[in-house]
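Take a look at the structure below.
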Amino acid sequence: MKPMSLKKAMGTADATDPKYVLRLYVTGVTSRSRRAITNINAICSERLQGKYDLEVIDIHQKPALAREEQIIAAPTLIKLLPLPLRRIIGDLSDRERVLFGLDLKPKKQS
């Protein structure tokens with residue numbers, strides 16, 4: 001999947017129907033990496049239905065990108081847009097945490 005530039009994504013998004021720009025940093029074809037990719041693809045398919053751009057980056061293949069983003073653990077999902085920027089570390093199997101991090105579900109009331 002070809003990544004969309006932030007300027008382009010910001011130009012196509014509006015307040016009622018934002019375009020999500022996501023980057024998932026993984027380390028090769030490990031089980032955690034595969035699980036993270038599977039989990040974020042399922043969430044995007046179910047909740048964002050075509051309103052997202054997801055770029056999967058293998059930090060072994062592109063270490064400079066990982067340094068630029070200051071990735072210290074993998075898998076790490078970065079939500080670039082809509083703002084605010086968010087980082088979610090792990091295999092994304094905690095669906096509630098991922099949905100909350102992506103602003104797709106309100107935080108549960110105590």
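So you can find residues: chains in the structure tokens are A, B, ... in the order shown, residues in each start at 1, and ligands are numbered from 1 in order.
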
With a distance cut-off of 9 Å and only C-alpha atoms, select the neighbouring residues of segment 55-61 of chain A, excluding the residue or stretch itself and same-chain residues fewer than 3 positions from it, and output the selection as a PyMOL selection string. chain A and resi 1-4+21-29+37+64-67+71+74

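Across chain A, DSSP run on the backbone finds strand (DSSP E or B) at Tyr20, Val21, Leu22, Arg23, Leu24, Tyr25, Val26, Tyr52, Asp53, Leu54, Glu55, Val56, Ile57, Asp58, Thr76, Leu77, Ile78, Lys79, Leu80, Leu81, Arg86, Arg87, Ile88 and Ile89 of chain A.
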
Atom CA of Arg87 of chain A to atom CA of Ser31 of chain A: how many Å, to one decimal? 20.3 Å

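Straight-line separation from atom CA of Ser45 of chain A to atom CA of Ile72 of chain A: 27.5 Å.
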
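As for atom CA of Glu96 of chain A and atom CA of Glu68 of chain A, they are spaced 28.4 Å apart.
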
Residue contacts of Gly90 of chain A (8 Å, only C-alpha atoms) excluding same-chain residues fewer than 6 positions away, as a VMD selection string: chain A and resid 32 36 74 to 76

Going by DSSP on the backbone, which bits of chain A are alpha helix (DSSP H)? Write them as an MDAnalysis selection string, please. chainID A and resid 6:12 31:43 63:68 95:101

Dump as a CSV table (one decimal), in the first residue's frame, selection limited to N, CA and C atoms:
```csv
chain,number,residue,atom,x,y,z
A,6,LEU,N,0.9,13.5,4.5
A,6,LEU,CA,0.1,14.2,5.6
A,6,LEU,C,-0.7,15.4,5.0
A,7,LYS,N,0.0,16.1,4.1
A,7,LYS,CA,-0.7,17.3,3.5
A,7,LYS,C,-1.9,16.8,2.7
A,8,LYS,N,-1.8,15.8,1.9
A,8,LYS,CA,-2.9,15.2,1.1
A,8,LYS,C,-4.0,14.7,2.0
A,9,ALA,N,-3.6,14.0,3.0
A,9,ALA,CA,-4.6,13.5,3.9
A,9,ALA,C,-5.4,14.6,4.6
A,10,MET,N,-4.7,15.6,5.1
A,10,MET,CA,-5.3,16.7,5.7
A,10,MET,C,-6.2,17.5,4.8
A,11,GLY,N,-5.9,17.6,3.5
A,11,GLY,CA,-6.7,18.3,2.6
A,11,GLY,C,-8.0,17.5,2.2
A,12,THR,N,-8.0,16.2,2.4
A,12,THR,CA,-9.2,15.4,2.0
A,12,THR,C,-10.1,15.1,3.2
A,31,SER,N,5.9,-13.4,15.2
A,31,SER,CA,4.5,-13.7,15.5
A,31,SER,C,3.8,-12.4,16.0
A,32,ARG,N,4.5,-11.6,16.8
A,32,ARG,CA,3.9,-10.4,17.4
A,32,ARG,C,3.7,-9.4,16.2
A,33,SER,N,4.6,-9.3,15.2
A,33,SER,CA,4.4,-8.4,14.1
A,33,SER,C,3.2,-8.9,13.3
A,34,ARG,N,3.1,-10.2,13.0
A,34,ARG,CA,1.9,-10.7,12.2
A,34,ARG,C,0.6,-10.4,13.0
A,35,ARG,N,0.6,-10.6,14.3
A,35,ARG,CA,-0.6,-10.4,15.1
A,35,ARG,C,-1.0,-8.9,15.1
A,36,ALA,N,0.0,-8.1,15.2
A,36,ALA,CA,-0.3,-6.6,15.2
A,36,ALA,C,-0.9,-6.2,13.8
A,37,ILE,N,-0.4,-6.7,12.7
A,37,ILE,CA,-0.9,-6.4,11.4
A,37,ILE,C,-2.3,-6.9,11.2
A,38,THR,N,-2.5,-8.2,11.7
A,38,THR,CA,-3.9,-8.8,11.6
A,38,THR,C,-4.9,-8.0,12.4
A,39,ASN,N,-4.5,-7.6,13.6
A,39,ASN,CA,-5.4,-6.9,14.5
A,39,ASN,C,-5.7,-5.5,14.0
A,40,ILE,N,-4.7,-4.7,13.5
A,40,ILE,CA,-5.0,-3.4,13.0
A,40,ILE,C,-5.8,-3.4,11.7
A,41,ASN,N,-5.5,-4.4,10.9
A,41,ASN,CA,-6.3,-4.6,9.6
A,41,ASN,C,-7.8,-4.8,9.9
A,42,ALA,N,-8.0,-5.7,10.9
A,42,ALA,CA,-9.4,-6.0,11.3
A,42,ALA,C,-10.1,-4.8,11.9
A,43,ILE,N,-9.5,-4.0,12.7
A,43,ILE,CA,-10.1,-2.8,13.3
A,43,ILE,C,-10.4,-1.8,12.2
A,63,PRO,N,15.5,1.3,8.9
A,63,PRO,CA,15.9,1.7,10.3
A,63,PRO,C,15.9,3.2,10.4
A,64,ALA,N,16.1,4.0,9.4
A,64,ALA,CA,16.1,5.4,9.4
A,64,ALA,C,14.8,6.0,9.8
A,65,LEU,N,13.7,5.4,9.3
A,65,LEU,CA,12.3,5.8,9.6
A,65,LEU,C,12.1,5.6,11.1
A,66,ALA,N,12.5,4.5,11.6
A,66,ALA,CA,12.3,4.1,13.0
A,66,ALA,C,13.1,5.1,13.9
A,67,ARG,N,14.3,5.5,13.5
A,67,ARG,CA,15.0,6.5,14.3
A,67,ARG,C,14.3,7.9,14.2
A,68,GLU,N,13.8,8.3,13.1
A,68,GLU,CA,13.1,9.6,12.9
A,68,GLU,C,11.9,9.6,13.8
A,95,ARG,N,-8.2,-4.8,22.2
A,95,ARG,CA,-9.0,-4.1,21.3
A,95,ARG,C,-9.6,-2.8,21.9
A,96,GLU,N,-10.0,-2.8,23.2
A,96,GLU,CA,-10.6,-1.6,23.8
A,96,GLU,C,-9.5,-0.5,23.9
A,97,ARG,N,-8.3,-0.9,24.2
A,97,ARG,CA,-7.2,0.1,24.3
A,97,ARG,C,-6.9,0.7,23.0
A,98,VAL,N,-6.9,-0.1,21.9
A,98,VAL,CA,-6.6,0.3,20.6
A,98,VAL,C,-7.7,1.3,20.1
A,99,LEU,N,-9.0,0.9,20.3
A,99,LEU,CA,-10.1,1.7,19.9
A,99,LEU,C,-10.0,3.1,20.7
A,100,PHE,N,-9.8,3.0,21.9
A,100,PHE,CA,-9.6,4.3,22.7
A,100,PHE,C,-8.5,5.1,22.2
A,101,GLY,N,-7.3,4.5,21.9
A,101,GLY,CA,-6.2,5.2,21.4
A,101,GLY,C,-6.4,5.9,20.0
```
